[in-house]
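Engineer: Sharing a structure here in structure tokens format.
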Amino acid sequence: MSPNGPSPRPSSRTAWPVAVLIGLGAAAYTAWVLEVVLSTGLNPIETYVSELAAQDQPLGGLFRATDFCAGLLAFAGGSLALLGLLRHAGSRRPWAVAGWAGVTLFGAATAADAWLPLSCTPTVDPVCAARETAGLVPATHQAHAVSSSLAMTGALVGIVALTVAARRYGRLAPLARHGPVLVVLELLATAWTLTAIALFTAGRGTWALGAGQRLQVLFVALWLGLLAHSVHKERRT
């Protein structure tokens, strides 16, 4: 236990599997970078990341599989850490519990995303965009929007709350040291993405929506990697 209060990290018994699960989840969550070497036909500056996994895309199955793996791994790691905290009354600090709950929500919603793919690519296909506006696309489009929103909400809660917990309780030193920078970058990327989505929905262009969203998910993956490293480093303390 830290002299400043209970630790926001998992117990030493669960720290190693949590670090492995979160680290692997972070790696799987960066699978979209394969678009650099694979021919997807989608412009990464303008298109949603989730359009890579659309049902009408030739590599959609690959990206749906990696999304599901990323979500499942993050969910398992977050759940294990959260259960470890809840078993010990002294560890039930609000920031720590909220942070690991956010990671768990992020994982569950990301895994759900893989089962609720878009049927087409609205940012590059005018027919798809028109059908989406008219409500003529499958219900998975709306469900995907909900699960994606929940995933990013969980990620933001986890990023902010666990970074605050690490600094407040004096543990997870790498996260306490470098986490605040990623918090700021993630919030800026999220603001960019939400603004671009609003403008696209209003028919005013994409405003580099794809670039903003790719930065958003990249910073989430980097933060998860930092979290995994931090848990691993303290697993024996």
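Going by the structure tokens order, chains are called A, B, ..., each with residues numbered from 1, while ligands are numbered from 1 in the order shown.
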Within 9 Å of segment 147-154 of chain A, counting only C-alpha atoms, which residues qualify if same-chain residues fewer than 5 places away don't, as an mmCIF file with N, CA, C and O atoms, in the first residue's frame?
Structural biologist:
```
data_model
loop_
_atom_site.group_PDB
_atom_site.id
_atom_site.type_symbol
_atom_site.label_atom_id
_atom_site.label_comp_id
_atom_site.auth_asym_id
_atom_site.auth_seq_id
_atom_site.Cartn_x
_atom_site.Cartn_y
_atom_site.Cartn_z
ATOM 1 N N GLY A 99 -11.831 4.062 -12.912
ATOM 2 C CA GLY A 99 -10.901 3.880 -14.024
ATOM 3 C C GLY A 99 -10.928 2.481 -14.591
ATOM 4 O O GLY A 99 -11.036 2.283 -15.810
ATOM 5 N N ALA A 101 -13.312 0.316 -14.196
ATOM 6 C CA ALA A 101 -14.648 0.098 -14.770
ATOM 7 C C ALA A 101 -14.720 0.683 -16.171
ATOM 8 O O ALA A 101 -15.341 0.099 -17.078
ATOM 9 N N GLY A 102 -14.086 1.840 -16.384
ATOM 10 C CA GLY A 102 -14.044 2.439 -17.717
ATOM 11 C C GLY A 102 -13.324 1.554 -18.711
ATOM 12 O O GLY A 102 -13.777 1.369 -19.848
ATOM 13 N N VAL A 103 -12.187 0.979 -18.297
ATOM 14 C CA VAL A 103 -11.447 0.061 -19.178
ATOM 15 C C VAL A 103 -12.308 -1.151 -19.522
ATOM 16 O O VAL A 103 -12.333 -1.613 -20.669
ATOM 17 N N THR A 104 -13.029 -1.657 -18.534
ATOM 18 C CA THR A 104 -13.900 -2.817 -18.759
ATOM 19 C C THR A 104 -15.028 -2.483 -19.730
ATOM 20 O O THR A 104 -15.334 -3.269 -20.647
ATOM 21 N N LEU A 105 -15.644 -1.321 -19.556
ATOM 22 C CA LEU A 105 -16.695 -0.886 -20.476
ATOM 23 C C LEU A 105 -16.141 -0.708 -21.880
ATOM 24 O O LEU A 105 -16.773 -1.123 -22.869
ATOM 25 N N PHE A 106 -14.973 -0.091 -21.985
ATOM 26 C CA PHE A 106 -14.328 0.072 -23.284
ATOM 27 C C PHE A 106 -14.151 -1.273 -23.980
ATOM 28 O O PHE A 106 -14.455 -1.428 -25.171
ATOM 29 N N GLY A 107 -13.664 -2.268 -23.244
ATOM 30 C CA GLY A 107 -13.445 -3.578 -23.844
ATOM 31 C C GLY A 107 -14.729 -4.231 -24.312
ATOM 32 O O GLY A 107 -14.806 -4.745 -25.434
ATOM 33 N N ALA A 108 -15.759 -4.205 -23.459
ATOM 34 C CA ALA A 108 -17.029 -4.837 -23.822
ATOM 35 C C ALA A 108 -17.654 -4.180 -25.042
ATOM 36 O O ALA A 108 -18.137 -4.863 -25.964
ATOM 37 N N ALA A 109 -17.651 -2.844 -25.072
ATOM 38 C CA ALA A 109 -18.272 -2.125 -26.189
ATOM 39 C C ALA A 109 -17.466 -2.284 -27.473
ATOM 40 O O ALA A 109 -18.034 -2.349 -28.576
ATOM 41 N N THR A 110 -16.145 -2.360 -27.368
ATOM 42 C CA THR A 110 -15.309 -2.570 -28.554
ATOM 43 C C THR A 110 -15.554 -3.952 -29.143
ATOM 44 O O THR A 110 -15.633 -4.115 -30.371
ATOM 45 N N ALA A 111 -15.677 -4.953 -28.278
ATOM 46 C CA ALA A 111 -15.994 -6.301 -28.762
ATOM 47 C C ALA A 111 -17.366 -6.319 -29.438
ATOM 48 O O ALA A 111 -17.564 -6.968 -30.479
ATOM 49 N N ALA A 112 -18.326 -5.582 -28.863
ATOM 50 C CA ALA A 112 -19.665 -5.516 -29.461
ATOM 51 C C ALA A 112 -19.617 -4.848 -30.837
ATOM 52 O O ALA A 112 -20.365 -5.234 -31.750
ATOM 53 N N ASP A 113 -18.743 -3.860 -30.996
ATOM 54 C CA ASP A 113 -18.585 -3.188 -32.285
ATOM 55 C C ASP A 113 -18.333 -4.175 -33.413
ATOM 56 O O ASP A 113 -18.804 -3.995 -34.534
ATOM 57 N N LEU A 116 -21.379 -5.608 -34.741
ATOM 58 C CA LEU A 116 -22.355 -4.627 -35.233
ATOM 59 C C LEU A 116 -21.700 -3.750 -36.307
ATOM 60 O O LEU A 116 -21.639 -2.524 -36.185
ATOM 61 N N GLN A 142 -27.143 2.077 -36.406
ATOM 62 C CA GLN A 142 -27.468 2.785 -35.180
ATOM 63 C C GLN A 142 -26.844 2.095 -33.967
ATOM 64 O O GLN A 142 -26.325 2.752 -33.049
ATOM 65 N N ILE A 159 -8.945 6.439 -18.999
ATOM 66 C CA ILE A 159 -7.732 7.238 -19.180
ATOM 67 C C ILE A 159 -7.627 8.324 -18.122
ATOM 68 O O ILE A 159 -6.576 8.501 -17.493
ATOM 69 N N THR A 190 -10.281 13.781 -29.416
ATOM 70 C CA THR A 190 -11.717 13.521 -29.304
ATOM 71 C C THR A 190 -12.524 14.738 -29.719
ATOM 72 O O THR A 190 -13.541 14.615 -30.424
ATOM 73 N N VAL A 217 -7.962 6.913 -31.562
ATOM 74 C CA VAL A 217 -7.787 5.504 -31.198
ATOM 75 C C VAL A 217 -6.315 5.169 -30.969
ATOM 76 O O VAL A 217 -5.991 4.289 -30.160
ATOM 77 N N VAL A 220 -5.541 6.094 -27.401
ATOM 78 C CA VAL A 220 -6.118 5.087 -26.503
ATOM 79 C C VAL A 220 -5.192 3.874 -26.422
ATOM 80 O O VAL A 220 -4.891 3.371 -25.329
#
```
Engineer: Can you tell me, as a ChimeraX atom specification, what residues are no more than 9 Å from Leu42 of chain A when counting only C-alpha atoms, ignoring any on the same chain fewer than 6 positions away?
Structural biologist: /A:35,51-52,124
Engineer: Store the residues picked out above, limited to C-alpha atoms, as a PDB file, in the first residue's frame.
Structural biologist:
```
ATOM      1  CA  GLU A  35      -4.055  -0.093 -43.938  1.00  0.00           C
ATOM      2  CA  GLU A  51     -15.347   1.663 -42.230  1.00  0.00           C
ATOM      3  CA  LEU A  52     -12.354  -0.658 -42.586  1.00  0.00           C
ATOM      4  CA  VAL A 124     -16.913   7.625 -49.529  1.00  0.00           C
TER       5      VAL A 124
END
```
Engineer: Counting only C-alpha atoms, figure out which residue out of A:Ala191, A:Arg93, A:Gly135, A:Leu73 gets nearest to Arg168 of chain A.
Structural biologist: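 So, comparing all the options, the nearest one is A:Arg93.
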Engineer: If you run DSSP on the backbone here, which positions in segment 85-222 of chain A get alpha helix (DSSP H)? Please write them as JSON, numbers by chain.
Structural biologist: {"A": [85, 86, 94, 95, 96, 97, 98, 99, 100, 101, 102, 103, 104, 105, 106, 107, 108, 109, 110, 111, 112, 113, 114, 115, 126, 127, 128, 129, 130, 131, 132, 133, 140, 141, 142, 143, 144, 145, 146, 147, 148, 149, 150, 151, 152, 153, 154, 155, 156, 157, 158, 159, 160, 161, 162, 163, 164, 165, 166, 167, 168, 169, 173, 174, 175, 176, 177, 178, 179, 180, 181, 182, 183, 184, 185, 186, 187, 188, 189, 190, 191, 192, 193, 194, 195, 196, 197, 198, 199, 200, 201, 209, 210, 211, 212, 213, 214, 215, 216, 217, 218, 219, 220, 221, 222]}
Engineer: List the spatial neighbours of Pro138 of chain A as a ChimeraX atom specification - criterion: any atom at most 12 Å away, only C-alpha atoms, same-chain residues fewer than 4 positions off excluded.
Structural biologist: /A:55,116-120,128,131-134,142-144
Engineer: Generate the output file for the selected residues, all heavy atoms, as an mmCIF file, in the first residue's frame.
Structural biologist:
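This went into again_38.cif:
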```cif
data_model
loop_
_atom_site.group_PDB
_atom_site.id
_atom_site.type_symbol
_atom_site.label_atom_id
_atom_site.label_comp_id
_atom_site.auth_asym_id
_atom_site.auth_seq_id
_atom_site.Cartn_x
_atom_site.Cartn_y
_atom_site.Cartn_z
ATOM 1 N N GLN A 55 -19.148 -4.319 -43.838
ATOM 2 C CA GLN A 55 -19.473 -5.603 -44.466
ATOM 3 C C GLN A 55 -19.158 -5.633 -45.956
ATOM 4 O O GLN A 55 -18.919 -6.709 -46.509
ATOM 5 C CB GLN A 55 -20.948 -5.918 -44.237
ATOM 6 C CG GLN A 55 -21.277 -6.265 -42.794
ATOM 7 C CD GLN A 55 -22.752 -6.544 -42.597
ATOM 8 O OE1 GLN A 55 -23.605 -5.874 -43.173
ATOM 9 N NE2 GLN A 55 -23.066 -7.532 -41.773
ATOM 10 N N LEU A 116 -21.379 -5.608 -34.741
ATOM 11 C CA LEU A 116 -22.355 -4.627 -35.233
ATOM 12 C C LEU A 116 -21.700 -3.750 -36.307
ATOM 13 O O LEU A 116 -21.639 -2.524 -36.185
ATOM 14 C CB LEU A 116 -22.844 -3.748 -34.072
ATOM 15 C CG LEU A 116 -23.527 -4.467 -32.906
ATOM 16 C CD1 LEU A 116 -23.679 -3.534 -31.717
ATOM 17 C CD2 LEU A 116 -24.883 -5.018 -33.352
ATOM 18 N N PRO A 117 -21.200 -4.358 -37.383
ATOM 19 C CA PRO A 117 -20.471 -3.582 -38.380
ATOM 20 C C PRO A 117 -21.383 -2.724 -39.253
ATOM 21 O O PRO A 117 -22.585 -3.005 -39.392
ATOM 22 C CB PRO A 117 -19.790 -4.663 -39.224
ATOM 23 C CG PRO A 117 -20.753 -5.810 -39.167
ATOM 24 C CD PRO A 117 -21.290 -5.782 -37.753
ATOM 25 N N LEU A 118 -20.802 -1.691 -39.831
ATOM 26 C CA LEU A 118 -21.512 -0.919 -40.845
ATOM 27 C C LEU A 118 -21.715 -1.801 -42.069
ATOM 28 O O LEU A 118 -20.899 -2.684 -42.354
ATOM 29 C CB LEU A 118 -20.695 0.319 -41.234
ATOM 30 C CG LEU A 118 -20.387 1.324 -40.112
ATOM 31 C CD1 LEU A 118 -19.461 2.420 -40.636
ATOM 32 C CD2 LEU A 118 -21.667 1.923 -39.565
ATOM 33 N N SER A 119 -22.774 -1.575 -42.810
ATOM 34 C CA SER A 119 -23.019 -2.367 -44.020
ATOM 35 C C SER A 119 -22.304 -1.777 -45.225
ATOM 36 O O SER A 119 -22.049 -2.468 -46.208
ATOM 37 C CB SER A 119 -24.520 -2.446 -44.297
ATOM 38 O OG SER A 119 -25.048 -1.151 -44.572
ATOM 39 N N CYS A 120 -21.963 -0.471 -45.134
ATOM 40 C CA CYS A 120 -21.312 0.220 -46.245
ATOM 41 C C CYS A 120 -20.494 1.373 -45.681
ATOM 42 O O CYS A 120 -20.404 1.539 -44.463
ATOM 43 C CB CYS A 120 -22.354 0.712 -47.262
ATOM 44 S SG CYS A 120 -23.696 1.697 -46.524
ATOM 45 N N CYS A 128 -24.555 5.181 -49.969
ATOM 46 C CA CYS A 128 -24.598 4.725 -48.583
ATOM 47 C C CYS A 128 -24.962 5.881 -47.652
ATOM 48 O O CYS A 128 -25.795 5.717 -46.753
ATOM 49 C CB CYS A 128 -23.246 4.138 -48.191
ATOM 50 S SG CYS A 128 -23.132 3.619 -46.457
ATOM 51 N N ARG A 131 -28.659 6.679 -48.005
ATOM 52 C CA ARG A 131 -29.475 5.654 -47.350
ATOM 53 C C ARG A 131 -29.411 5.799 -45.831
ATOM 54 O O ARG A 131 -30.416 5.615 -45.133
ATOM 55 C CB ARG A 131 -29.000 4.255 -47.769
ATOM 56 C CG ARG A 131 -29.298 3.900 -49.225
ATOM 57 C CD ARG A 131 -28.713 2.553 -49.601
ATOM 58 N NE ARG A 131 -29.242 1.505 -48.739
ATOM 59 C CZ ARG A 131 -28.504 0.515 -48.228
ATOM 60 N NH1 ARG A 131 -27.205 0.470 -48.469
ATOM 61 N NH2 ARG A 131 -29.061 -0.399 -47.485
ATOM 62 N N GLU A 132 -28.236 6.133 -45.313
ATOM 63 C CA GLU A 132 -28.098 6.308 -43.875
ATOM 64 C C GLU A 132 -28.921 7.499 -43.396
ATOM 65 O O GLU A 132 -29.596 7.432 -42.369
ATOM 66 C CB GLU A 132 -26.612 6.501 -43.518
ATOM 67 C CG GLU A 132 -26.322 6.378 -42.046
ATOM 68 C CD GLU A 132 -24.838 6.356 -41.738
ATOM 69 O OE1 GLU A 132 -24.159 7.359 -42.066
ATOM 70 O OE2 GLU A 132 -24.352 5.362 -41.175
ATOM 71 N N THR A 133 -28.876 8.592 -44.160
ATOM 72 C CA THR A 133 -29.651 9.773 -43.803
ATOM 73 C C THR A 133 -31.148 9.487 -43.832
ATOM 74 O O THR A 133 -31.914 9.977 -42.991
ATOM 75 C CB THR A 133 -29.334 10.931 -44.766
ATOM 76 O OG1 THR A 133 -27.935 11.222 -44.684
ATOM 77 C CG2 THR A 133 -30.128 12.171 -44.418
ATOM 78 N N ALA A 134 -31.569 8.658 -44.798
ATOM 79 C CA ALA A 134 -32.988 8.329 -44.940
ATOM 80 C C ALA A 134 -33.426 7.203 -44.005
ATOM 81 O O ALA A 134 -34.599 6.840 -43.977
ATOM 82 C CB ALA A 134 -33.281 7.941 -46.388
ATOM 83 N N GLN A 142 -27.143 2.077 -36.406
ATOM 84 C CA GLN A 142 -27.468 2.785 -35.180
ATOM 85 C C GLN A 142 -26.844 2.095 -33.967
ATOM 86 O O GLN A 142 -26.325 2.752 -33.049
ATOM 87 C CB GLN A 142 -28.987 2.866 -35.007
ATOM 88 C CG GLN A 142 -29.675 3.811 -35.976
ATOM 89 C CD GLN A 142 -29.241 5.263 -35.750
ATOM 90 O OE1 GLN A 142 -28.957 5.679 -34.632
ATOM 91 N NE2 GLN A 142 -29.182 6.032 -36.833
ATOM 92 N N ALA A 143 -26.914 0.768 -33.962
ATOM 93 C CA ALA A 143 -26.338 0.017 -32.846
ATOM 94 C C ALA A 143 -24.827 0.232 -32.784
ATOM 95 O O ALA A 143 -24.252 0.354 -31.695
ATOM 96 C CB ALA A 143 -26.657 -1.468 -33.001
ATOM 97 N N HIS A 144 -24.203 0.290 -33.952
ATOM 98 C CA HIS A 144 -22.764 0.523 -34.003
ATOM 99 C C HIS A 144 -22.416 1.904 -33.440
ATOM 100 O O HIS A 144 -21.420 2.058 -32.715
ATOM 101 C CB HIS A 144 -22.261 0.409 -35.442
ATOM 102 C CG HIS A 144 -20.792 0.601 -35.588
ATOM 103 N ND1 HIS A 144 -19.892 -0.431 -35.432
ATOM 104 C CD2 HIS A 144 -20.044 1.711 -35.849
ATOM 105 C CE1 HIS A 144 -18.660 0.035 -35.600
ATOM 106 N NE2 HIS A 144 -18.722 1.331 -35.861
#
```
Engineer: Have a look at A:Gly71, A:Gly77, A:Pro122, A:Gly41 and name the one nearest to Gln57 of chain A; count only C-alpha atoms.
Structural biologist: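 The closest residue to Gln57 of chain A is A:Gly41.
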Engineer: For a test of reading the model, state the distance in Å between atom CA of Leu86 of chain A and atom CA of Thr14 of chain A, rounded to one decimal.
Structural biologist: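 Calculated distance between atom CA of Leu86 of chain A and atom CA of Thr14 of chain A is 12.7 Å.
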Engineer: Given the choices A:Ala54, A:Leu34, A:Ala76, A:Val164, which gets closest to Ala114 of chain A if the distance is worked out from only C-alpha atoms?
Structural biologist: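 Smallest separation from Ala114 of chain A among the options: A:Ala54.
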Engineer: Show which residues sit within 6 Å of segment 206-212 of chain A, as a ChimeraX atom specification. Count only C-alpha atoms, and ignore same-chain residues fewer than 3 positions away.
Structural biologist: /A:44-48,189,192-193,196,200,215
Engineer: With 10 Å as the cut-off and only C-alpha atoms counted, what is the closest atom pair between each nearby residue of segment 12-122 of chain A and segment 225-231 of chain A? Distances in Å to one decimal, ordered by chain and number, as a Markdown table.
Structural biologist:
```
| residue | atom | partner | partner_atom | distance |
| --- | --- | --- | --- | --- |
| A:Ser12 | CA | A:Val231 | CA | 9.2 |
| A:Thr14 | CA | A:Val231 | CA | 9.7 |
| A:Ala15 | CA | A:Val231 | CA | 6.1 |
| A:Trp16 | CA | A:Val231 | CA | 7.5 |
| A:Pro17 | CA | A:Val231 | CA | 9.7 |
| A:Val18 | CA | A:Ala228 | CA | 7.3 |
| A:Ala19 | CA | A:Ala228 | CA | 4.3 |
| A:Val20 | CA | A:Ala228 | CA | 6.9 |
| A:Leu21 | CA | A:Ala228 | CA | 8.1 |
| A:Ile22 | CA | A:Ala228 | CA | 5.6 |
| A:Gly23 | CA | A:Ala228 | CA | 5.2 |
| A:Leu24 | CA | A:Gly225 | CA | 8.4 |
| A:Gly25 | CA | A:Gly225 | CA | 8.5 |
| A:Ala26 | CA | A:Gly225 | CA | 5.6 |
| A:Ala27 | CA | A:Gly225 | CA | 7.7 |
| A:Gly77 | CA | A:Ala228 | CA | 9.5 |
```
Engineer: Between atom CA of Ser79 of chain A and atom CA of Trp100 of chain A, measure the distance and give it in Å to one decimal.
Structural biologist: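 Result for atom CA of Ser79 of chain A versus atom CA of Trp100 of chain A: 7.5 Å, one decimal.
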Engineer: Restricting the calculation to only C-alpha atoms, which member of A:Val97, A:Ala198, A:Val137, A:Leu188 is positioned closest to Ala161 of chain A?
Structural biologist: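 Once distances to Ala161 of chain A are computed over only C-alpha atoms, the minimum belongs to A:Val97.
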Engineer: Taking only C-alpha atoms into account, name the residue in A:Pro126, A:Thr30, A:Val183, A:Thr40 that is nearest to Gly205 of chain A.
Structural biologist: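 So, comparing all the options, the nearest one is A:Pro126.
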Engineer: Interatomic distance between atom CA of Thr66 of chain A and atom CA of Trp115 of chain A?
Structural biologist: 11.7 Å
